[in-house]
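As stored in target35.cif (mmCIF, C-alpha atoms):
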```cif
data_structure
loop_
_atom_site.label_atom_id
_atom_site.label_comp_id
_atom_site.auth_asym_id
_atom_site.auth_seq_id
_atom_site.Cartn_x
_atom_site.Cartn_y
_atom_site.Cartn_z
CA MET E 1 18.63 -37.30 19.89
CA ARG E 2 15.21 -38.17 21.29
CA GLN E 3 14.71 -34.49 22.00
CA LYS E 4 15.55 -33.52 18.43
CA THR E 5 13.14 -36.08 16.98
CA GLU E 6 10.40 -34.86 19.29
CA ARG E 7 11.00 -31.33 18.10
CA LYS E 8 10.83 -32.30 14.45
CA GLN E 9 7.51 -34.04 15.11
CA ARG E 10 6.12 -31.18 17.13
CA ASN E 11 7.09 -28.91 14.29
CA VAL E 12 5.34 -30.94 11.62
CA HIS E 13 2.11 -30.67 13.59
CA SER E 14 2.40 -26.95 14.23
CA GLN E 15 3.98 -25.47 11.16
CA LEU E 16 1.34 -22.78 11.31
CA ASN E 17 1.65 -22.20 15.02
CA ASP E 18 3.77 -19.06 14.91
CA SER E 19 4.50 -18.67 18.58
CA SER E 20 5.74 -22.23 19.07
CA SER E 21 7.94 -22.08 15.95
CA GLN E 22 9.41 -18.83 17.24
CA ASP E 23 10.11 -20.47 20.59
CA LEU E 24 11.77 -23.44 18.88
CA LEU E 25 14.07 -21.09 16.97
CA LEU E 26 15.00 -19.12 20.10
CA GLU E 27 15.58 -22.28 22.12
CA ALA E 28 17.74 -23.79 19.38
CA ALA E 29 19.86 -20.62 19.11
CA SER E 30 20.25 -20.55 22.90
CA GLU E 31 21.30 -24.20 23.10
CA LEU E 32 23.86 -23.83 20.32
CA MET E 33 25.43 -20.73 21.90
CA ILE E 34 25.76 -22.54 25.23
CA GLU E 35 27.17 -25.74 23.73
CA ARG E 36 29.70 -23.99 21.53
CA GLY E 37 30.66 -21.27 24.00
CA THR E 38 30.28 -18.62 21.31
CA THR E 39 27.54 -16.42 19.88
CA ASP E 40 28.85 -17.03 16.35
CA ILE E 41 26.30 -19.50 15.11
CA SER E 42 24.75 -19.69 11.66
CA LEU E 43 21.12 -19.46 10.62
CA SER E 44 21.50 -22.85 8.99
CA ASP E 45 22.64 -24.42 12.30
CA ILE E 46 19.67 -22.84 14.09
CA SER E 47 17.35 -24.17 11.41
CA ILE E 48 18.74 -27.71 11.58
CA ARG E 49 18.66 -27.84 15.39
CA SER E 50 15.14 -26.44 15.64
CA GLY E 51 13.66 -28.28 12.68
CA VAL E 52 12.19 -24.95 11.55
CA ASN E 53 12.84 -23.68 8.02
CA ALA E 54 15.50 -20.96 7.93
CA ALA E 55 13.23 -18.80 5.77
CA LEU E 56 10.88 -18.49 8.73
CA VAL E 57 13.57 -16.60 10.64
CA ARG E 58 13.19 -13.77 8.18
CA TYR E 59 9.42 -14.06 8.40
CA TYR E 60 9.29 -13.96 12.20
CA PHE E 61 12.34 -11.88 13.15
CA GLY E 62 13.38 -10.05 9.97
CA SER E 63 17.00 -11.31 10.18
CA LYS E 64 19.44 -13.26 12.33
CA HIS E 65 20.05 -10.04 14.27
CA GLY E 66 16.30 -9.76 14.83
CA LEU E 67 16.27 -13.29 16.24
CA MET E 68 19.25 -12.45 18.50
CA MET E 69 17.49 -9.31 19.77
CA ALA E 70 14.36 -11.36 20.49
CA LEU E 71 16.53 -13.74 22.51
CA VAL E 72 18.04 -10.81 24.46
CA ARG E 73 14.55 -9.54 25.26
CA LYS E 74 13.34 -12.98 26.33
CA ALA E 75 16.41 -13.51 28.54
CA LEU E 76 16.22 -10.12 30.23
CA ALA E 77 12.46 -9.77 30.66
CA PRO E 78 12.36 -11.17 34.24
CA SER E 79 15.34 -9.05 35.41
CA LEU E 80 13.96 -5.89 33.89
CA LEU E 81 10.56 -6.49 35.44
CA GLN E 82 12.27 -7.06 38.79
CA ILE E 83 14.15 -3.77 38.43
CA ASP E 84 10.90 -1.83 38.16
CA HIS E 85 9.59 -3.42 41.32
CA LEU E 86 12.86 -3.16 43.27
CA ILE E 87 13.06 0.62 43.13
CA ASP E 88 9.77 1.02 44.99
CA MET E 89 10.07 -1.90 47.38
CA LYS E 90 10.10 -1.06 51.10
CA ILE E 91 13.27 -2.97 51.95
CA SER E 92 16.81 -1.84 52.78
CA PRO E 93 19.21 -0.87 49.95
CA LYS E 94 21.39 -3.80 51.00
CA GLU E 95 18.49 -6.20 50.51
CA LYS E 96 17.74 -4.59 47.13
CA MET E 97 21.32 -5.23 46.05
CA ARG E 98 21.07 -8.85 47.20
CA ILE E 99 17.92 -9.42 45.13
CA HIS E 100 19.40 -7.56 42.17
CA ILE E 101 22.71 -9.50 42.17
CA SER E 102 20.90 -12.77 42.58
CA GLY E 103 18.64 -11.81 39.64
CA ILE E 104 21.65 -11.07 37.42
CA VAL E 105 23.34 -14.33 38.42
CA ASN E 106 20.14 -16.22 37.59
CA THR E 107 20.02 -14.60 34.16
CA TYR E 108 23.64 -15.59 33.38
CA TYR E 109 23.00 -19.09 34.73
CA THR E 110 20.27 -19.65 32.12
CA TYR E 111 21.67 -17.38 29.37
CA PRO E 112 25.45 -17.40 29.91
CA TYR E 113 26.09 -15.73 26.53
CA ILE E 114 23.78 -12.76 27.15
CA ASN E 115 26.50 -10.13 27.52
CA ARG E 116 28.40 -11.32 24.45
CA LEU E 117 25.20 -11.38 22.45
CA MET E 118 24.44 -7.73 23.25
CA HIS E 119 28.04 -6.76 22.48
CA GLN E 120 27.86 -8.61 19.19
CA LEU E 121 24.64 -6.83 18.18
CA ILE E 122 26.21 -3.46 19.04
CA THR E 123 29.42 -4.30 17.15
CA GLU E 124 27.71 -5.64 14.05
CA ASP E 125 24.90 -3.11 13.75
CA TYR E 126 25.57 -0.14 15.96
CA GLU E 127 23.06 2.21 14.32
CA ILE E 128 20.12 -0.03 15.09
CA TYR E 129 21.08 -2.00 18.19
CA GLY E 130 23.14 0.62 20.06
CA PRO E 131 20.13 2.77 20.95
CA ILE E 132 17.81 -0.22 21.49
CA ILE E 133 20.14 -1.91 23.98
CA VAL E 134 20.92 1.33 25.80
CA ASN E 135 17.23 2.25 26.14
CA GLU E 136 15.92 -1.19 26.99
CA VAL E 137 18.79 -2.61 29.06
CA SER E 138 21.77 -0.47 30.11
CA ALA E 139 19.83 2.66 31.02
CA PRO E 140 17.23 1.00 33.29
CA VAL E 141 19.84 -1.24 34.96
CA SER E 142 22.30 1.55 35.69
CA HIS E 143 19.50 3.92 36.72
CA MET E 144 18.28 1.41 39.29
CA GLN E 145 21.79 0.65 40.58
CA LYS E 146 22.47 4.37 40.94
CA LEU E 147 19.25 4.92 42.92
CA VAL E 148 19.98 2.01 45.26
CA LEU E 149 23.58 3.15 45.79
CA GLU E 150 22.36 6.67 46.62
CA GLU E 151 19.75 5.25 48.99
CA GLY E 152 22.53 3.35 50.77
CA VAL E 153 24.70 6.47 51.04
CA SER E 154 21.77 8.45 52.47
CA ALA E 155 21.10 5.67 54.98
CA GLY E 156 24.76 5.82 56.02
CA ILE E 157 25.47 2.18 55.19
CA PHE E 158 27.25 2.61 51.79
CA ARG E 159 30.22 4.83 51.05
CA ARG E 160 30.09 6.94 47.91
CA VAL E 161 31.49 4.93 44.96
CA ASP E 162 31.47 5.22 41.18
CA PRO E 163 28.31 3.33 40.05
CA THR E 164 30.04 2.41 36.77
CA LEU E 165 32.58 0.34 38.65
CA VAL E 166 29.90 -1.50 40.62
CA TYR E 167 28.14 -2.31 37.35
CA LEU E 168 31.42 -3.50 35.77
CA GLN E 169 32.34 -5.72 38.69
CA ILE E 170 28.95 -7.43 38.89
CA VAL E 171 28.42 -7.90 35.15
CA GLY E 172 32.13 -8.60 34.50
CA ALA E 173 32.34 -11.36 37.10
CA CYS E 174 29.11 -13.02 35.86
CA ASP E 175 30.17 -12.85 32.22
CA GLN E 176 33.66 -14.25 32.92
CA PHE E 177 32.28 -17.02 35.07
CA PHE E 178 29.27 -18.22 33.11
CA HIS E 179 30.25 -17.58 29.51
CA GLY E 180 31.92 -20.54 27.88
CA ARG E 181 31.77 -23.86 29.66
CA ILE E 182 35.04 -24.87 27.98
CA GLN E 183 36.91 -21.80 29.21
CA ARG E 184 35.57 -22.19 32.76
CA LYS E 185 36.58 -25.84 32.80
CA THR E 186 39.98 -24.95 31.33
CA ILE E 187 40.75 -21.95 33.50
CA PHE E 188 39.04 -22.72 36.82
CA ASN E 189 38.61 -26.47 36.48
CA ILE E 190 34.90 -26.03 37.23
CA ASP E 191 32.86 -28.24 34.95
CA GLU E 192 29.19 -28.17 35.82
CA VAL E 193 27.57 -25.26 37.62
CA ASP E 194 24.45 -26.58 39.32
CA GLU E 195 21.81 -24.73 41.39
CA ASP E 196 23.91 -25.05 44.58
CA TYR E 197 27.05 -23.73 42.96
CA LYS E 198 25.10 -20.90 41.37
CA LYS E 199 23.72 -19.91 44.77
CA LYS E 200 27.19 -20.05 46.31
CA PHE E 201 28.52 -17.83 43.52
CA ALA E 202 25.69 -15.29 43.99
CA ASP E 203 26.32 -15.19 47.77
CA LEU E 204 30.07 -14.70 47.33
CA LEU E 205 29.58 -11.95 44.77
CA PHE E 206 27.00 -10.17 46.92
CA ASP E 207 29.24 -10.47 49.94
CA SER E 208 32.26 -9.09 48.11
CA ILE E 209 30.37 -6.20 46.49
CA MET E 210 28.80 -5.35 49.86
CA LYS E 211 32.17 -5.30 51.61
CA GLY E 212 33.41 -2.99 48.85
CA LEU E 213 30.42 -0.69 49.34
CA SER E 214 30.33 -0.69 53.12
CA SER E 215 30.80 2.68 54.79
CA LYS E 216 32.28 1.02 57.90
CA MET C 217 46.78 6.81 5.50
CA ARG C 218 50.31 8.20 5.77
CA GLN C 219 51.03 5.46 8.28
CA LYS C 220 49.85 2.76 5.90
CA THR C 221 51.99 4.11 3.04
CA GLU C 222 55.01 4.22 5.33
CA ARG C 223 54.41 0.61 6.26
CA LYS C 224 54.13 -0.51 2.69
CA GLN C 225 57.44 1.21 1.92
CA ARG C 226 59.12 -0.21 4.98
CA ASN C 227 57.91 -3.59 3.90
CA VAL C 228 59.35 -3.31 0.41
CA HIS C 229 62.74 -2.61 1.91
CA SER C 230 62.60 -5.36 4.49
CA GLN C 231 60.79 -8.21 2.85
CA LEU C 232 63.50 -10.50 4.18
CA ASN C 233 63.59 -9.00 7.62
CA ASP C 234 61.57 -11.64 9.43
CA SER C 235 61.23 -10.01 12.80
CA SER C 236 59.94 -6.71 11.46
CA SER C 237 57.43 -8.41 9.15
CA GLN C 238 56.21 -10.44 12.11
CA ASP C 239 55.83 -7.25 14.14
CA LEU C 240 53.92 -5.59 11.32
CA LEU C 241 51.49 -8.50 11.19
CA LEU C 242 50.97 -8.51 14.97
CA GLU C 243 50.50 -4.74 15.05
CA ALA C 244 48.01 -4.85 12.18
CA ALA C 245 45.97 -7.60 13.87
CA SER C 246 46.00 -5.65 17.13
CA GLU C 247 44.88 -2.40 15.48
CA LEU C 248 42.04 -4.11 13.62
CA MET C 249 40.74 -5.86 16.75
CA ILE C 250 40.71 -2.55 18.63
CA GLU C 251 39.06 -0.59 15.81
CA ARG C 252 36.36 -3.16 15.16
CA GLY C 253 35.75 -4.12 18.78
CA THR C 254 35.91 -7.80 17.89
CA THR C 255 38.54 -10.51 17.54
CA ASP C 256 36.84 -11.81 14.40
CA ILE C 257 39.18 -10.45 11.76
CA SER C 258 40.35 -12.18 8.60
CA LEU C 259 43.86 -13.03 7.45
CA SER C 260 43.21 -11.01 4.33
CA ASP C 261 42.38 -7.89 6.41
CA ILE C 262 45.56 -8.37 8.43
CA SER C 263 47.54 -8.75 5.24
CA ILE C 264 46.08 -5.60 3.66
CA ARG C 265 46.56 -3.49 6.78
CA SER C 266 50.14 -4.65 7.37
CA GLY C 267 51.23 -4.71 3.74
CA VAL C 268 52.66 -8.18 4.40
CA ASN C 269 51.70 -11.09 2.16
CA ALA C 270 49.10 -13.36 3.80
CA ALA C 271 51.19 -16.41 2.88
CA LEU C 272 53.87 -15.17 5.29
CA VAL C 273 51.43 -15.68 8.18
CA ARG C 274 51.63 -19.40 7.57
CA TYR C 275 55.40 -19.16 7.18
CA TYR C 276 55.93 -17.24 10.43
CA PHE C 277 53.08 -18.40 12.65
CA GLY C 278 51.75 -21.62 11.06
CA SER C 279 48.15 -20.31 10.96
CA LYS C 280 45.88 -17.44 12.00
CA HIS C 281 45.57 -19.13 15.41
CA GLY C 282 49.37 -19.18 15.61
CA LEU C 283 49.45 -15.44 14.95
CA MET C 284 46.77 -14.88 17.60
CA MET C 285 48.73 -16.91 20.16
CA ALA C 286 51.87 -14.90 19.33
CA LEU C 287 49.85 -11.74 20.01
CA VAL C 288 48.64 -13.14 23.36
CA ARG C 289 52.25 -13.91 24.34
CA LYS C 290 53.45 -10.47 23.29
CA ALA C 291 50.62 -8.74 25.19
CA LEU C 292 51.08 -10.72 28.39
CA ALA C 293 54.88 -10.91 28.54
CA PRO C 294 55.34 -7.84 30.80
CA SER C 295 52.55 -8.92 33.22
CA LEU C 296 53.86 -12.45 33.46
CA LEU C 297 57.39 -11.23 34.10
CA GLN C 298 56.03 -8.92 36.79
CA ILE C 299 54.22 -11.84 38.44
CA ASP C 300 57.49 -13.73 38.89
CA HIS C 301 59.08 -10.73 40.58
CA LEU C 302 56.05 -9.81 42.70
CA ILE C 303 55.95 -13.10 44.61
CA ASP C 304 59.42 -12.55 46.04
CA MET C 305 59.30 -8.81 46.55
CA LYS C 306 59.68 -7.56 50.11
CA ILE C 307 56.56 -5.39 50.14
CA SER C 308 53.16 -5.79 51.81
CA PRO C 309 50.51 -8.03 50.21
CA LYS C 310 48.36 -4.92 49.78
CA GLU C 311 51.13 -3.23 47.79
CA LYS C 312 51.56 -6.41 45.71
CA MET C 313 47.86 -6.33 44.84
CA ARG C 314 48.13 -2.67 43.88
CA ILE C 315 51.02 -3.37 41.48
CA HIS C 316 49.29 -6.47 40.14
CA ILE C 317 45.95 -4.73 39.47
CA SER C 318 47.69 -1.78 37.88
CA GLY C 319 49.65 -4.23 35.67
CA ILE C 320 46.44 -5.94 34.53
CA VAL C 321 44.76 -2.59 33.81
CA ASN C 322 47.80 -1.53 31.76
CA THR C 323 47.60 -4.72 29.73
CA TYR C 324 43.90 -4.18 28.96
CA TYR C 325 44.56 -0.53 28.14
CA THR C 326 46.97 -1.52 25.35
CA TYR C 327 45.39 -4.87 24.39
CA PRO C 328 41.67 -4.45 25.25
CA TYR C 329 40.74 -7.63 23.35
CA ILE C 330 43.20 -9.89 25.20
CA ASN C 331 40.61 -11.83 27.20
CA ARG C 332 38.33 -12.39 24.18
CA LEU C 333 41.31 -13.52 22.12
CA MET C 334 42.24 -16.20 24.64
CA HIS C 335 38.61 -17.31 24.91
CA GLN C 336 38.40 -17.50 21.13
CA LEU C 337 41.52 -19.65 20.88
CA ILE C 338 40.17 -22.01 23.56
CA THR C 339 36.76 -22.18 21.86
CA GLU C 340 38.09 -22.74 18.36
CA ASP C 341 40.92 -25.15 19.14
CA TYR C 342 40.58 -26.45 22.65
CA GLU C 343 42.96 -29.39 22.26
CA ILE C 344 45.91 -27.18 21.39
CA TYR C 345 45.21 -23.85 23.06
CA GLY C 346 43.44 -25.00 26.24
CA PRO C 347 46.62 -26.44 27.82
CA ILE C 348 48.88 -23.70 26.43
CA ILE C 349 46.78 -20.87 27.88
CA VAL C 350 46.30 -22.63 31.22
CA ASN C 351 50.03 -23.35 31.61
CA GLU C 352 51.32 -20.02 30.36
CA VAL C 353 48.63 -17.64 31.63
CA SER C 354 45.86 -18.81 33.98
CA ALA C 355 47.98 -21.04 36.20
CA PRO C 356 50.75 -18.51 36.95
CA VAL C 357 48.27 -15.64 37.44
CA SER C 358 45.98 -17.54 39.80
CA HIS C 359 48.95 -19.10 41.62
CA MET C 360 50.36 -15.64 42.32
CA GLN C 361 46.99 -14.21 43.38
CA LYS C 362 46.47 -17.15 45.73
CA LEU C 363 49.89 -16.66 47.36
CA VAL C 364 49.32 -12.93 47.85
CA LEU C 365 45.83 -13.51 49.28
CA GLU C 366 47.25 -16.10 51.71
CA GLU C 367 50.03 -13.72 52.68
CA GLY C 368 47.42 -11.06 53.47
CA VAL C 369 45.38 -13.51 55.56
CA SER C 370 48.51 -14.52 57.53
CA ALA C 371 49.35 -10.86 58.09
CA GLY C 372 45.83 -10.33 59.44
CA ILE C 373 44.93 -7.66 56.88
CA PHE C 374 42.82 -9.76 54.44
CA ARG C 375 39.86 -11.94 55.30
CA ARG C 376 39.72 -15.40 53.78
CA VAL C 377 37.94 -15.21 50.37
CA ASP C 378 37.57 -17.44 47.33
CA PRO C 379 40.53 -16.54 45.05
CA THR C 380 38.45 -17.45 41.98
CA LEU C 381 36.05 -14.61 42.76
CA VAL C 382 38.86 -12.08 43.15
CA TYR C 383 40.24 -13.19 39.78
CA LEU C 384 36.77 -12.93 38.19
CA GLN C 385 36.10 -9.46 39.56
CA ILE C 386 39.45 -8.01 38.44
CA VAL C 387 39.56 -9.62 35.01
CA GLY C 388 35.80 -9.26 34.49
CA ALA C 389 35.77 -5.52 35.24
CA CYS C 390 38.80 -4.87 32.96
CA ASP C 391 37.38 -6.92 30.12
CA GLN C 392 33.93 -5.26 30.32
CA PHE C 393 35.45 -1.81 30.52
CA PHE C 394 38.22 -1.94 27.92
CA HIS C 395 36.85 -4.36 25.35
CA GLY C 396 34.89 -2.66 22.62
CA ARG C 397 35.16 1.10 22.30
CA ILE C 398 31.72 1.16 20.71
CA GLN C 399 30.09 -0.73 23.56
CA ARG C 400 31.79 1.44 26.19
CA LYS C 401 30.66 4.58 24.40
CA THR C 402 27.16 3.16 24.01
CA ILE C 403 26.71 1.78 27.51
CA PHE C 404 28.75 4.14 29.71
CA ASN C 405 29.00 7.14 27.40
CA ILE C 406 32.79 7.06 27.88
CA ASP C 407 34.50 7.65 24.57
CA GLU C 408 38.24 7.97 24.93
CA VAL C 409 40.12 6.39 27.82
CA ASP C 410 43.39 8.33 28.22
CA GLU C 411 46.28 7.75 30.64
CA ASP C 412 44.52 9.77 33.37
CA TYR C 413 41.26 7.90 33.06
CA LYS C 414 43.12 4.59 33.01
CA LYS C 415 44.88 5.51 36.24
CA LYS C 416 41.59 6.55 37.84
CA PHE C 417 40.04 3.24 36.80
CA ALA C 418 42.98 1.25 38.24
CA ASP C 419 42.76 3.18 41.54
CA LEU C 420 39.00 2.64 41.83
CA LEU C 421 39.31 -1.06 41.08
CA PHE C 422 42.16 -1.51 43.55
CA ASP C 423 40.23 0.41 46.18
CA SER C 424 37.08 -1.64 45.69
CA ILE C 425 38.89 -5.00 45.65
CA MET C 426 40.84 -3.98 48.77
CA LYS C 427 37.67 -3.00 50.61
CA GLY C 428 36.22 -6.38 49.66
CA LEU C 429 39.31 -8.17 50.97
CA SER C 430 39.79 -6.16 54.13
CA SER C 431 39.62 -8.11 57.38
CA LYS C 432 38.45 -5.00 59.26
#
```

Show me this structure written as structure tokens.
Amino acid sequence: MRQKTERKQRNVHSQLNDSSSQDLLLEAASELMIERGTTDISLSDISIRSGVNAALVRYYFGSKHGLMMALVRKALAPSLLQIDHLIDMKISPKEKMRIHISGIVNTYYTYPYINRLMHQLITEDYEIYGPIIVNEVSAPVSHMQKLVLEEGVSAGIFRRVDPTLVYLQIVGACDQFFHGRIQRKTIFNIDEVDEDYKKKFADLLFDSIMKGLSSK
Amino acid sequence: MRQKTERKQRNVHSQLNDSSSQDLLLEAASELMIERGTTDISLSDISIRSGVNAALVRYYFGSKHGLMMALVRKALAPSLLQIDHLIDMKISPKEKMRIHISGIVNTYYTYPYINRLMHQLITEDYEIYGPIIVNEVSAPVSHMQKLVLEEGVSAGIFRRVDPTLVYLQIVGACDQFFHGRIQRKTIFNIDEVDEDYKKKFADLLFDSIMKGLSSK
């Protein structure tokens, strides 16, 4: 409650501050998706939660889809930056996979709905968001994974596996685990995932994927 | 088109045949979810596609949620029956996992939206569907997986792993792969998954999970 009031006040003082109003809208959308365990939220809910007029969504982002795509970009920016660096880093392919998996887990920890949001954009407006998401997200991620897997095979430490399956197991496990607090509580009886639990999950996933990849 | 006309005719002749009208409604809902790559479909769409009056949904299933739960039960019945048998079968834990994984892949092949549908029911009516889905689905599946994993550890062929992660990797990979034709086409450039491809996917997943579990 205190937080909401603060936001309203901040907003009154910065109605003309575009970048902070945009941030308020993105934060509000993110919070609502996490709380409700679904990406189906309305513009009016986002407007009420953020204290920013719904008309400004059109002004800043063009549409609700535009706002969702901006949220996808914000959520994935650190991971995608990391991917660029990882390819050229002078560390073992195993270490690259550890950093990569831990980066993905971190993304889902903060943005548990990220996978569903991209799927929703593709489902609802394939013509526009299909190519954008492939070019900006899927292609760079799977390109990097493929390079690291090949590096591991050349080094004799990974066996040859289908990169698609590695992608599916990493992303699938993160999505199932982090998306929807209510479902996780219901199905696994795990209520809050804190930093420690997140780290444990990333270690387990890395360990399991590595065992699956091992050439030994 | 021919199919739809046939249905309409069948329906005229069997308006009082409850079980076939129920089947028509469930089939129509299933087809729409697959075609659209989302579980967000309306009663009116289901009614139009099936040729069955929307009011009969309330009569047969109580509500749209009731119809969705009936679809979940229909989709999972073979897998859940298999689970009961598997526990007592006199085969190796590795063979049990192979049958189990292949059963899950088969379910997702026919009902690719099954995971999303359960999540949607839990999100939209937690009080009612949370306990139902835990008791009827999650609890028996994870109980069986836990027993088989323990059996493998006792036999010295599996290492000790967190059963939750095994569950997440199997279900997560199937959900990511089968849910949403459009997304799969967009992200993996895989259009049609036929029987052969399904079998290849099940083999790869089994192989990878087994490598991850292996005590060697």

Hey, which bits of chain E sit within 7 Å of chain C, and for each residue what's the closest pair of atoms and how far apart in Å (one decimal), counting all atoms listed in the file, rows by chain and increasing number, as CSV?
```
residue,atom,partner,partner_atom,distance
E:Gly37,CA,C:Thr339,CA,6.5
E:His119,CA,C:Gln399,CA,6.5
E:Ile122,CA,C:Gln399,CA,6.6
E:Thr123,CA,C:Gly253,CA,6.5
E:Gly130,CA,C:Thr402,CA,6.2
E:Val134,CA,C:Ile403,CA,6.1
E:Ser138,CA,C:Ile403,CA,6.0
E:Leu168,CA,C:Ala389,CA,4.8
E:Gln169,CA,C:Ala389,CA,4.9
E:Gly172,CA,C:Gly388,CA,3.7
E:Ala173,CA,C:Gly388,CA,4.8
E:Gln176,CA,C:Gly388,CA,5.7
E:Phe177,CA,C:Leu384,CA,6.8
E:Ile182,CA,C:Thr339,CA,6.9
E:Gln183,CA,C:His335,CA,6.4
E:Thr186,CA,C:Gly346,CA,6.2
E:Ile187,CA,C:Ser354,CA,6.0
E:Ser208,CA,C:Gly428,CA,5.0
E:Ile209,CA,C:Gly428,CA,6.7
E:Lys211,CA,C:Gly428,CA,4.6
E:Gly212,CA,C:Gly428,CA,4.5
```

Distance in Å - atom CA of Thr107 of chain E versus atom CA of Ala77 of chain E: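 Distance between the two atoms: 9.6 Å.
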
Computed interatomic separation between atom CA of Arg375 of chain C and atom CA of Asn189 of chain E (Å): 23.8 Å

Selection dump of the PyMOL selection byres ((chain C and resi 309) around 9), as a PyMOL selection string: chain C and resi 307-308+310-314+364-368+371+373-374

Using C-alpha atoms, can you export the residues from the last selection as a tab-separated table (two decimals), in the coordinates of the input?
```tsv
chain	number	residue	atom	x	y	z
C	307	ILE	CA	56.56	-5.39	50.14
C	308	SER	CA	53.16	-5.79	51.81
C	310	LYS	CA	48.36	-4.92	49.78
C	311	GLU	CA	51.13	-3.23	47.79
C	312	LYS	CA	51.56	-6.41	45.71
C	313	MET	CA	47.86	-6.33	44.84
C	314	ARG	CA	48.13	-2.67	43.88
C	364	VAL	CA	49.32	-12.93	47.85
C	365	LEU	CA	45.83	-13.51	49.28
C	366	GLU	CA	47.25	-16.10	51.71
C	367	GLU	CA	50.03	-13.72	52.68
C	368	GLY	CA	47.42	-11.06	53.47
C	371	ALA	CA	49.35	-10.86	58.09
C	373	ILE	CA	44.93	-7.66	56.88
C	374	PHE	CA	42.82	-9.76	54.44
```

Distance query Lys198 of chain E at most 9 Å, all atoms listed in the file, self and fewer than 4 positions along chain excluded, as a VMD selection string: chain E and resid 105 to 106 109 193 to 194 202 to 203

Residues matched by the PyMOL selection byres ((chain E and resi 27) around 12) as an NGL selection string: :E and (4 or 7 or 20-26 or 28-34 or 46-47 or 49-52 or 67-68 or 70-72 or 74-75 or 110-111)

Test item: residues at most 10 Å from Asp84 of chain E, all atoms listed in the file, excluding those fewer than 6 positions along its chain, as a list of chain:residue names: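 So the residues in contact are E:Pro140, E:Val141, E:Met144.
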
Distance of atom CA of Tyr108 of chain E from atom CA of Ser79 of chain E, expressed in Å to one decimal place: 10.8 Å

Contacts of Lys64 of chain E at 8 Å (only C-alpha atoms; same-chain gap of 5+ positions) as a list in words: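 In the requested form, the answer reads Leu43, Val57 and Arg58 of chain E.
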
Could you give me the centre and size, in Å to one decimal, of an axis-aligned box around all listed atoms of segment 312-318 of chain C with 8 Å added on every side, as JSON?
```
{"center_x": 48.8, "center_y": -4.1, "center_z": 41.8, "size_x": 21.6, "size_y": 20.7, "size_z": 23.8}
```
